[in-house]
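Student: Just upload_11.txt, nothing more (compact mmCIF, C-alpha atoms):
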```
# COMPACT_ATOMS: atom_id res chain seq x y z
CA MET A 258 -0.36 8.20 -27.13
CA ASP A 259 0.36 5.84 -30.04
CA ARG A 260 1.82 3.30 -27.68
CA GLN A 261 -1.25 3.52 -25.49
CA MET A 262 -3.65 3.05 -28.42
CA ASN A 263 -1.57 0.18 -29.70
CA GLU A 264 -1.65 -1.46 -26.28
CA GLN A 265 -5.39 -1.01 -26.06
CA ALA A 266 -5.84 -2.66 -29.46
CA ILE A 267 -3.66 -5.61 -28.44
CA VAL A 268 -5.55 -5.99 -25.15
CA ARG A 269 -8.88 -5.92 -27.04
CA ARG A 270 -7.65 -8.68 -29.35
CA CYS A 271 -6.52 -10.75 -26.38
CA LEU A 272 -9.95 -10.38 -24.83
CA GLU A 273 -11.44 -11.70 -28.05
CA GLY A 274 -9.37 -14.85 -27.51
CA ASP A 275 -6.36 -14.09 -29.73
CA THR A 276 -3.50 -15.82 -27.92
CA GLU A 277 -0.96 -14.59 -30.48
CA SER A 278 -1.63 -11.02 -29.34
CA PHE A 279 -0.96 -12.10 -25.81
CA ARG A 280 2.27 -13.69 -26.93
CA ARG A 281 3.25 -10.27 -28.23
CA ILE A 282 2.55 -8.74 -24.84
CA VAL A 283 4.74 -11.42 -23.26
CA SER A 284 7.62 -10.86 -25.67
CA ASP A 285 7.39 -7.07 -25.28
CA HIS A 286 7.52 -7.12 -21.51
CA GLU A 287 9.33 -10.32 -20.49
CA GLY A 288 12.80 -8.73 -20.36
CA PRO A 289 11.96 -5.81 -18.05
CA LEU A 290 9.77 -8.00 -15.84
CA MET A 291 12.42 -10.70 -15.58
CA ALA A 292 15.07 -8.07 -14.80
CA ALA A 293 12.94 -6.65 -11.99
CA ALA A 294 12.11 -10.11 -10.62
CA VAL A 295 15.77 -11.21 -10.59
CA THR A 296 16.75 -7.94 -8.91
CA ILE A 297 14.06 -8.41 -6.26
CA LEU A 298 14.51 -12.15 -5.66
CA GLY A 299 18.11 -12.73 -6.66
CA ASN A 300 17.23 -16.09 -8.18
CA ARG A 301 16.67 -16.62 -11.87
CA GLN A 302 14.53 -19.76 -11.64
CA GLU A 303 12.17 -18.29 -9.08
CA ALA A 304 12.02 -15.06 -11.06
CA GLU A 305 11.01 -16.96 -14.18
CA ASP A 306 8.27 -18.86 -12.34
CA LEU A 307 6.87 -15.64 -10.90
CA CYS A 308 7.01 -13.88 -14.26
CA GLN A 309 5.03 -16.70 -15.84
CA GLU A 310 2.48 -16.54 -13.03
CA THR A 311 2.31 -12.77 -13.48
CA PHE A 312 1.54 -13.08 -17.18
CA ILE A 313 -1.09 -15.76 -16.58
CA GLN A 314 -2.75 -13.68 -13.87
CA ALA A 315 -2.63 -10.62 -16.11
CA TYR A 316 -4.31 -12.56 -18.92
CA ARG A 317 -7.09 -13.74 -16.64
CA HIS A 318 -7.76 -10.23 -15.38
CA LEU A 319 -7.14 -8.42 -18.64
CA ALA A 320 -10.76 -7.24 -18.73
CA SER A 321 -10.14 -5.18 -15.62
CA PHE A 322 -7.08 -3.45 -17.10
CA ASP A 323 -7.65 0.29 -17.27
CA GLY A 324 -6.77 1.34 -20.82
CA GLY A 325 -5.62 4.74 -19.59
CA ARG A 326 -2.83 3.10 -17.60
CA ASN A 327 0.56 1.94 -18.73
CA LEU A 328 0.36 -1.81 -19.35
CA ARG A 329 3.90 -2.40 -18.15
CA ALA A 330 3.24 -0.51 -14.91
CA TRP A 331 0.16 -2.73 -14.41
CA LEU A 332 2.25 -5.86 -14.97
CA TYR A 333 4.86 -4.56 -12.54
CA THR A 334 2.15 -4.10 -9.90
CA ILE A 335 1.14 -7.76 -10.23
CA LEU A 336 4.75 -8.94 -10.26
CA TYR A 337 5.71 -6.86 -7.23
CA ARG A 338 2.89 -8.33 -5.13
CA ARG A 339 3.78 -11.85 -6.23
CA CYS A 340 7.45 -11.30 -5.37
CA LEU A 341 6.62 -9.96 -1.92
CA ASN A 342 4.30 -12.93 -1.26
CA SER A 343 7.02 -15.31 -2.39
CA ILE A 344 9.58 -13.70 -0.09
CA ARG A 345 7.14 -13.88 2.85
CA ARG A 346 6.45 -17.56 2.12
CA ARG A 347 10.16 -18.25 1.93
CA ARG A 348 10.77 -16.49 5.25
CA ARG A 349 8.03 -18.52 6.92
CA LEU A 350 9.49 -21.72 5.48
CA VAL A 351 12.99 -20.86 6.70
CA GLY A 352 11.51 -20.13 10.14
CA VAL A 353 9.71 -23.48 10.26
CA LEU A 354 12.77 -25.39 9.08
CA ASP A 355 14.91 -23.56 11.63
CA ARG A 356 12.59 -24.70 14.37
CA LEU A 357 12.56 -28.28 13.09
CA ARG A 358 16.31 -28.60 12.84
CA ALA A 359 18.60 -28.53 15.79
CA GLU A 360 21.12 -26.44 14.00
CA PRO A 361 19.60 -23.32 12.41
CA LEU A 362 19.62 -22.92 8.68
CA SER A 363 21.45 -19.98 7.26
CA PRO A 364 19.08 -17.25 6.02
CA TRP A 365 18.31 -17.28 2.35
CA VAL A 366 20.87 -15.58 0.17
CA PRO A 367 20.70 -15.14 -3.57
CA SER A 368 22.46 -17.78 -5.58
CA ARG A 369 25.92 -16.51 -6.37
CA ASP A 370 26.84 -19.11 -8.94
CA PRO A 371 25.17 -18.27 -12.20
CA GLY A 372 23.85 -21.19 -14.22
CA PRO A 373 24.11 -21.41 -17.99
CA GLY A 374 22.45 -18.43 -19.62
CA ASP A 375 22.10 -16.66 -16.29
CA PRO A 376 22.60 -12.92 -16.14
CA SER A 377 25.69 -11.68 -14.37
CA PRO A 378 24.95 -12.10 -10.66
CA LEU A 379 24.05 -9.16 -8.54
CA PRO A 380 26.50 -8.19 -5.84
CA ALA A 381 25.56 -9.93 -2.59
CA VAL A 382 26.04 -6.65 -0.72
CA LEU A 383 23.00 -5.33 -2.55
CA PHE A 384 20.82 -7.90 -0.79
CA GLU A 385 22.33 -6.96 2.55
CA ALA A 386 21.93 -3.23 1.98
CA LEU A 387 18.47 -3.09 0.38
CA ASN A 388 15.26 -4.88 1.26
CA ALA A 389 12.86 -6.32 -1.33
CA LYS A 390 10.81 -3.13 -1.57
CA GLU A 391 13.90 -1.03 -2.06
CA ARG A 392 15.23 -3.41 -4.72
CA THR A 393 11.91 -3.10 -6.55
CA VAL A 394 12.16 0.68 -6.45
CA LEU A 395 15.76 0.51 -7.60
CA SER A 396 14.90 -1.67 -10.58
CA LEU A 397 11.95 0.53 -11.61
CA TRP A 398 13.98 3.71 -11.20
CA VAL A 399 17.03 2.51 -13.09
CA ASN A 400 15.59 0.29 -15.81
CA GLU A 401 12.33 2.09 -16.52
CA GLY A 402 13.26 5.61 -15.51
CA PHE A 403 10.05 5.81 -13.47
CA THR A 404 9.51 8.80 -11.19
CA ALA A 405 8.49 8.59 -7.54
CA VAL A 406 4.87 9.19 -8.58
CA GLU A 407 4.85 6.22 -10.97
CA ILE A 408 6.69 4.02 -8.48
CA ALA A 409 4.18 4.94 -5.77
CA ALA A 410 1.32 3.85 -8.05
CA ILE A 411 2.98 0.45 -8.61
CA LEU A 412 3.84 -0.10 -4.95
CA GLY A 413 0.46 1.19 -3.79
CA CYS A 414 2.03 3.63 -1.34
CA PRO A 415 1.98 7.43 -0.91
CA GLN A 416 4.28 9.42 -3.20
CA GLY A 417 6.26 10.70 -0.23
CA THR A 418 7.02 7.12 0.79
CA ALA A 419 8.34 6.33 -2.69
CA ARG A 420 10.49 9.49 -2.46
CA TYR A 421 11.84 8.31 0.87
CA TYR A 422 12.71 4.90 -0.57
CA LEU A 423 14.45 6.59 -3.51
CA PHE A 424 16.43 8.86 -1.21
CA ASN A 425 17.63 5.92 0.90
CA ILE A 426 18.43 3.79 -2.13
CA ARG A 427 20.42 6.49 -3.86
CA LYS A 428 22.38 7.11 -0.69
CA LYS A 429 23.11 3.42 -0.13
CA ILE A 430 24.04 2.85 -3.77
CA ARG A 431 26.47 5.75 -3.63
CA ALA A 432 28.06 4.20 -0.54
CA LEU A 433 28.21 0.76 -2.20
CA ALA A 434 29.67 2.25 -5.37
CA GLU A 435 32.36 4.04 -3.40
CA LYS A 436 33.18 0.84 -1.52
CA LYS A 437 33.35 -1.08 -4.79
CA HIS A 438 35.67 1.54 -6.20
CA GLU A 439 37.95 1.34 -3.14
CA ASN A 440 38.11 -2.46 -3.40
CA LEU A 441 39.28 -2.40 -7.01
CA PRO A 442 42.88 -3.59 -7.35
CA LYS A 443 45.20 -0.64 -7.52
CA ARG A 444 47.76 -0.51 -10.29
CA MET B 194 26.26 21.40 6.38
CA ARG B 195 24.83 21.46 9.86
CA THR B 196 21.45 22.39 8.46
CA CYS B 197 21.58 19.41 6.10
CA ARG B 198 22.32 17.04 8.97
CA SER B 199 19.53 18.52 11.09
CA VAL B 200 17.04 18.23 8.22
CA GLU B 201 17.95 14.57 7.72
CA LEU B 202 17.82 13.85 11.44
CA PHE B 203 14.48 15.61 11.75
CA ALA B 204 13.11 13.68 8.77
CA ARG B 205 14.31 10.38 10.23
CA LEU B 206 12.58 11.15 13.52
CA LEU B 207 9.22 11.65 11.82
CA PRO B 208 6.90 8.69 12.28
CA ILE B 209 5.45 8.58 8.75
CA ARG B 210 7.59 7.69 5.74
CA ALA B 211 5.62 9.90 3.37
CA TRP B 212 6.44 12.96 5.50
CA LYS B 213 10.10 11.99 5.62
CA GLY B 214 10.17 11.65 1.84
CA ASP B 215 8.50 15.01 1.25
CA ILE B 216 10.83 16.85 3.61
CA LEU B 217 13.97 15.25 2.21
CA GLU B 218 12.85 15.84 -1.38
CA ARG B 219 12.20 19.52 -0.69
CA HIS B 220 15.62 19.85 0.91
CA ILE B 221 17.46 18.02 -1.87
CA GLU B 222 15.85 20.21 -4.53
CA ARG B 223 17.47 23.25 -2.92
CA CYS B 224 20.72 21.75 -1.63
CA PRO B 225 23.39 20.88 -4.21
CA VAL B 226 25.66 19.39 -1.50
CA CYS B 227 23.09 16.77 -0.50
CA ARG B 228 22.15 16.15 -4.11
CA ALA B 229 25.77 15.33 -4.87
CA LYS B 230 25.75 12.65 -2.19
CA LEU B 231 23.06 10.67 -3.97
CA ALA B 232 23.79 8.15 -6.70
CA VAL B 233 22.57 8.87 -10.21
CA ARG B 234 20.91 6.30 -12.49
CA ALA B 235 24.11 5.53 -14.40
CA GLU B 236 25.91 4.68 -11.16
CA ALA B 237 23.12 2.39 -10.01
CA ARG B 238 23.03 0.47 -13.29
CA SER B 239 25.67 -2.00 -12.14
CA PHE B 240 23.47 -2.95 -9.18
CA VAL B 241 20.48 -4.14 -11.20
CA ILE B 242 19.89 -6.75 -13.86
CA GLU B 243 19.39 -5.10 -17.22
CA PRO B 244 16.30 -6.11 -19.22
CA GLU B 245 18.39 -6.92 -22.29
CA SER B 246 20.32 -9.58 -20.40
CA VAL B 247 17.36 -11.74 -19.35
CA SER B 248 14.34 -13.35 -20.94
CA LEU B 249 11.98 -16.21 -20.27
CA SER B 250 13.15 -19.64 -21.33
CA ASP B 251 11.88 -21.21 -24.56
CA LEU B 252 9.66 -23.55 -22.57
CA ALA B 253 7.85 -20.70 -20.86
CA TRP B 254 5.46 -19.75 -23.66
CA PRO B 255 4.06 -23.27 -24.32
CA ALA B 256 3.39 -23.62 -20.57
CA MET B 257 1.73 -20.21 -20.41
CA GLU B 258 -0.29 -20.86 -23.55
CA ALA B 259 -1.63 -24.10 -22.09
CA ALA B 260 -2.57 -22.28 -18.88
CA ILE B 261 -4.35 -19.40 -20.60
CA ARG B 262 -6.24 -21.74 -22.93
CA GLN B 263 -7.62 -23.51 -19.87
CA ALA B 264 -8.73 -20.27 -18.21
CA PRO B 265 -9.84 -17.46 -20.52
CA PRO B 266 -10.04 -13.85 -19.28
CA GLU B 267 -12.61 -13.36 -16.56
CA PRO B 268 -15.33 -10.76 -17.06
CA VAL B 269 -14.95 -7.57 -15.02
CA ARG B 270 -16.53 -7.82 -11.63
CA ARG B 271 -17.77 -4.57 -10.19
CA ARG B 272 -16.24 -4.46 -6.77
CA VAL B 273 -15.71 -1.70 -4.29
CA PRO B 274 -11.99 -0.89 -4.46
CA ALA B 275 -10.12 -2.26 -1.44
CA LYS B 276 -8.97 1.21 -0.41
CA ILE B 277 -12.52 2.60 -0.33
CA PHE B 278 -13.81 -0.53 1.42
CA TRP B 279 -11.26 -0.24 4.22
CA ARG B 280 -11.81 3.50 4.56
CA LEU B 281 -15.56 2.95 4.90
CA THR B 282 -15.03 0.15 7.40
CA ALA B 283 -12.64 2.29 9.43
CA GLY B 284 -15.11 5.21 9.35
CA VAL B 285 -18.00 3.06 10.57
CA ALA B 286 -15.83 1.50 13.29
CA ALA B 287 -14.62 4.93 14.45
CA THR B 288 -18.17 6.31 14.58
CA ALA B 289 -19.38 3.25 16.49
CA SER B 290 -16.51 3.60 18.99
CA VAL B 291 -17.28 7.29 19.55
CA VAL B 292 -20.99 6.57 20.09
CA PHE B 293 -20.13 3.73 22.47
CA LEU B 294 -17.74 5.95 24.45
CA VAL B 295 -20.29 8.78 24.65
CA VAL B 296 -22.93 6.36 25.94
CA LEU B 297 -20.44 4.91 28.42
CA VAL B 298 -19.21 8.26 29.73
CA SER B 299 -22.51 10.19 29.85
CA PRO B 300 -24.26 10.18 33.31
CA PRO B 301 -27.33 7.97 33.67
CA THR B 302 -30.60 9.81 32.99
CA ARG B 303 -32.95 10.18 35.96
CA PRO B 304 -36.60 9.17 35.64
CA LYS B 305 -38.96 12.04 35.01
CA SER B 306 -40.12 13.77 38.17
CA PRO B 307 -43.89 13.75 38.77
CA ILE B 308 -43.66 17.22 40.27
CA LEU B 309 -44.31 20.01 37.85
CA PRO B 310 -41.53 22.42 37.09
CA ARG B 311 -40.92 25.03 39.66
CA ALA B 312 -42.06 27.92 37.47
CA SER B 313 -45.58 26.53 37.11
CA ILE B 314 -45.85 25.95 40.89
CA GLU B 315 -44.90 29.53 41.53
CA GLU B 316 -47.55 30.72 39.14
CA PHE B 317 -50.15 28.78 41.02
CA ARG B 318 -50.90 30.46 44.30
CA LEU B 319 -54.02 30.50 46.50
CA ASP B 320 -54.13 33.03 49.28
CA SER B 321 -57.76 32.61 50.27
CA VAL B 322 -60.82 30.84 48.94
CA GLU B 323 -64.40 31.83 49.32
CA ALA B 324 -67.51 29.88 48.45
CA MET B 325 -70.88 31.59 48.44
CA GLY B 326 -69.44 34.59 50.24
CA ARG B 327 -67.90 32.57 53.02
CA PRO B 328 -64.36 31.39 53.55
CA ALA B 329 -63.93 27.87 52.22
CA ARG B 330 -61.41 25.06 52.37
CA ALA B 331 -59.60 24.25 49.16
CA LEU B 332 -58.21 20.86 48.22
CA ILE B 333 -55.76 20.72 45.36
CA PHE B 334 -55.26 17.56 43.33
CA GLN B 335 -52.60 17.07 40.81
CA PRO B 336 -52.90 13.65 39.12
CA ARG B 337 -49.49 12.24 38.39
CA ASP B 338 -48.19 12.91 34.86
CA SER B 339 -51.53 14.38 33.76
CA GLY B 340 -50.47 18.00 33.43
CA ILE B 341 -53.75 19.19 35.00
CA THR B 342 -54.59 20.57 38.42
CA LEU B 343 -57.99 20.08 40.12
CA ILE B 344 -59.21 22.36 42.88
CA TRP B 345 -61.99 21.17 45.15
CA VAL B 346 -63.63 23.81 47.28
CA GLU B 347 -65.89 23.01 50.23
```
Using structure tokens, write down the structure from this file.

Tutor:
Amino acid sequence: MDRQMNEQAIVRRCLEGDTESFRRIVSDHEGPLMAAAVTILGNRQEAEDLCQETFIQAYRHLASFDGGRNLRAWLYTILYRRCLNSIRRRRRLVGVLDRLRAEPLSPWVPSRDPGPGDPSPLPAVLFEALNAKERTVLSLWVNEGFTAVEIAAILGCPQGTARYYLFNIRKKIRALAEKKHENLPKR
Amino acid sequence: MRTCRSVELFARLLPIRAWKGDILERHIERCPVCRAKLAVRAEARSFVIEPESVSLSDLAWPAMEAAIRQAPPEPVRRRVPAKIFWRLTAGVAATASVVFLVVLVSPPTRPKSPILPRASIEEFRLDSVEAMGRPARALIFQPRDSGITLIWVE
């Protein structure tokens, strides 16, 4: 309740033109949003661009933010849509380039070589096993501890669908974890 | 075990994801064997980026600040939510299709017959006509669509 009132006060100040309050929103939520974006996209640079765009879009539409809602969940909704659009654009681009070139381009895969300051890379198998929607659900479920109901609100899908995604993800992750465990060097 | 497999197979055959999710959830709540096959949050942690390990670069805020100074928050626009808009549109389209189909399927209506309904003809019966104590000839007129009947006796 306190958190909600605090958020409402910060949002009100932002609407009055206080950019410092908005900076606080950015610093409070940048980590979780970046984590979700990197998990969805697999690319730090693209994730950072989309997070910035998400914050700017959120600022512009702050007046329409429903004070009764969780601000972070609202930000996740914007980020999720932006990520999906970016992935669709990328797919279209790969398709066009494939048609232009005689030899087809390899499909996009997340960058495996981390740059300076990059988080530890995600296992490439994750991108083969889970699609973008499932990776979003995974990130929200693990990092935020969101339930299927909260995830459904962010994804804009029925609760049963979010439950189905969670079921599949948990099953696939268990399989990946077991595989990872088997591949560990034995002493 | 067999029941678990059948439940999962049945759920996978369903056409709508929400139904699949509801059925699987209900089963998992009651089945410890299936629950044990699903990863828990702690296990999945190594497959996601943790929020503590990432942040925006130092250059991000100046860029964002410049962008938000150029475009302040927009006032709220009262709009029909997309969900309601599409539901209304779908409803109108469905109604229009039903009306169109009914019009298309229904048999063409015949033009109204000038002859009066049978019941009124049966009520009207002349066995004999007399005029001034003598048998007379009767002529019956029924103007089209007038609803009246004229009897001329001579």

Student: Give me, as a tab-separated table, each residue of chain A that comes within 6 Å of chain B, together with its shortest interatomic pair and the distance in Å at one decimal, counting only C-alpha atoms, with rows ordered by chain and rising residue number.

Tutor:
```
residue	atom	partner	partner_atom	distance
A:Glu287	CA	B:Ser248	CA	5.9
A:Gly288	CA	B:Pro244	CA	4.5
A:Pro289	CA	B:Pro244	CA	4.5
A:Ala292	CA	B:Pro244	CA	5.0
A:Thr296	CA	B:Val241	CA	5.8
A:Tyr316	CA	B:Pro266	CA	5.9
A:Arg317	CA	B:Pro266	CA	4.0
A:His318	CA	B:Pro266	CA	5.8
A:Ala320	CA	B:Val269	CA	5.6
A:Ser321	CA	B:Val269	CA	5.4
A:Pro376	CA	B:Ser246	CA	5.9
A:Val399	CA	B:Arg234	CA	5.5
A:Gly417	CA	B:Ala211	CA	3.7
A:Thr418	CA	B:Ala211	CA	4.0
A:Arg420	CA	B:Gly214	CA	4.8
A:Tyr421	CA	B:Gly214	CA	3.9
A:Arg427	CA	B:Ala232	CA	4.7
A:Lys428	CA	B:Leu231	CA	4.9
A:Arg431	CA	B:Ala232	CA	4.7
```

Student: Can you spit out the residues from that selection as a PDB file, keeping the file's coordinate frame, using C-alpha atoms?

Tutor:
```
ATOM      1  CA  GLU A 287       9.330 -10.320 -20.490  1.00  0.00           C
ATOM      2  CA  GLY A 288      12.800  -8.730 -20.360  1.00  0.00           C
ATOM      3  CA  PRO A 289      11.960  -5.810 -18.050  1.00  0.00           C
ATOM      4  CA  ALA A 292      15.070  -8.070 -14.800  1.00  0.00           C
ATOM      5  CA  THR A 296      16.750  -7.940  -8.910  1.00  0.00           C
ATOM      6  CA  TYR A 316      -4.310 -12.560 -18.920  1.00  0.00           C
ATOM      7  CA  ARG A 317      -7.090 -13.740 -16.640  1.00  0.00           C
ATOM      8  CA  HIS A 318      -7.760 -10.230 -15.380  1.00  0.00           C
ATOM      9  CA  ALA A 320     -10.760  -7.240 -18.730  1.00  0.00           C
ATOM     10  CA  SER A 321     -10.140  -5.180 -15.620  1.00  0.00           C
ATOM     11  CA  PRO A 376      22.600 -12.920 -16.140  1.00  0.00           C
ATOM     12  CA  VAL A 399      17.030   2.510 -13.090  1.00  0.00           C
ATOM     13  CA  GLY A 417       6.260  10.700  -0.230  1.00  0.00           C
ATOM     14  CA  THR A 418       7.020   7.120   0.790  1.00  0.00           C
ATOM     15  CA  ARG A 420      10.490   9.490  -2.460  1.00  0.00           C
ATOM     16  CA  TYR A 421      11.840   8.310   0.870  1.00  0.00           C
ATOM     17  CA  ARG A 427      20.420   6.490  -3.860  1.00  0.00           C
ATOM     18  CA  LYS A 428      22.380   7.110  -0.690  1.00  0.00           C
ATOM     19  CA  ARG A 431      26.470   5.750  -3.630  1.00  0.00           C
TER      20      ARG A 431
END
```

Student: Quick one: residues within 12 Å of Leu332 (chain A), only C-alpha atoms, excluding same-chain residues fewer than 5 positions away - as a ChimeraX atom specification?

Tutor: /A:282-283,285-287,289-291,293-294,307-316,318-319,322-323,326-327,337-339,410-412

Student: Kindly provide, as JSON, the centre and edge lengths (Å, one decimal) of an axis-aligned box around all atoms of region 298-301 of chain B given in the file, with 8 Å on each side.

Tutor:
```
{"center_x": -23.3, "center_y": 9.1, "center_z": 31.7, "size_x": 24.1, "size_y": 18.2, "size_z": 19.9}
```

Student: Tell me, as number ranges by chain, which residues lie within 7 Å of Leu343 (chain B), counting only C-alpha atoms; anything in the same chain fewer than 3 positions away does not count.

Tutor: B: 333-335
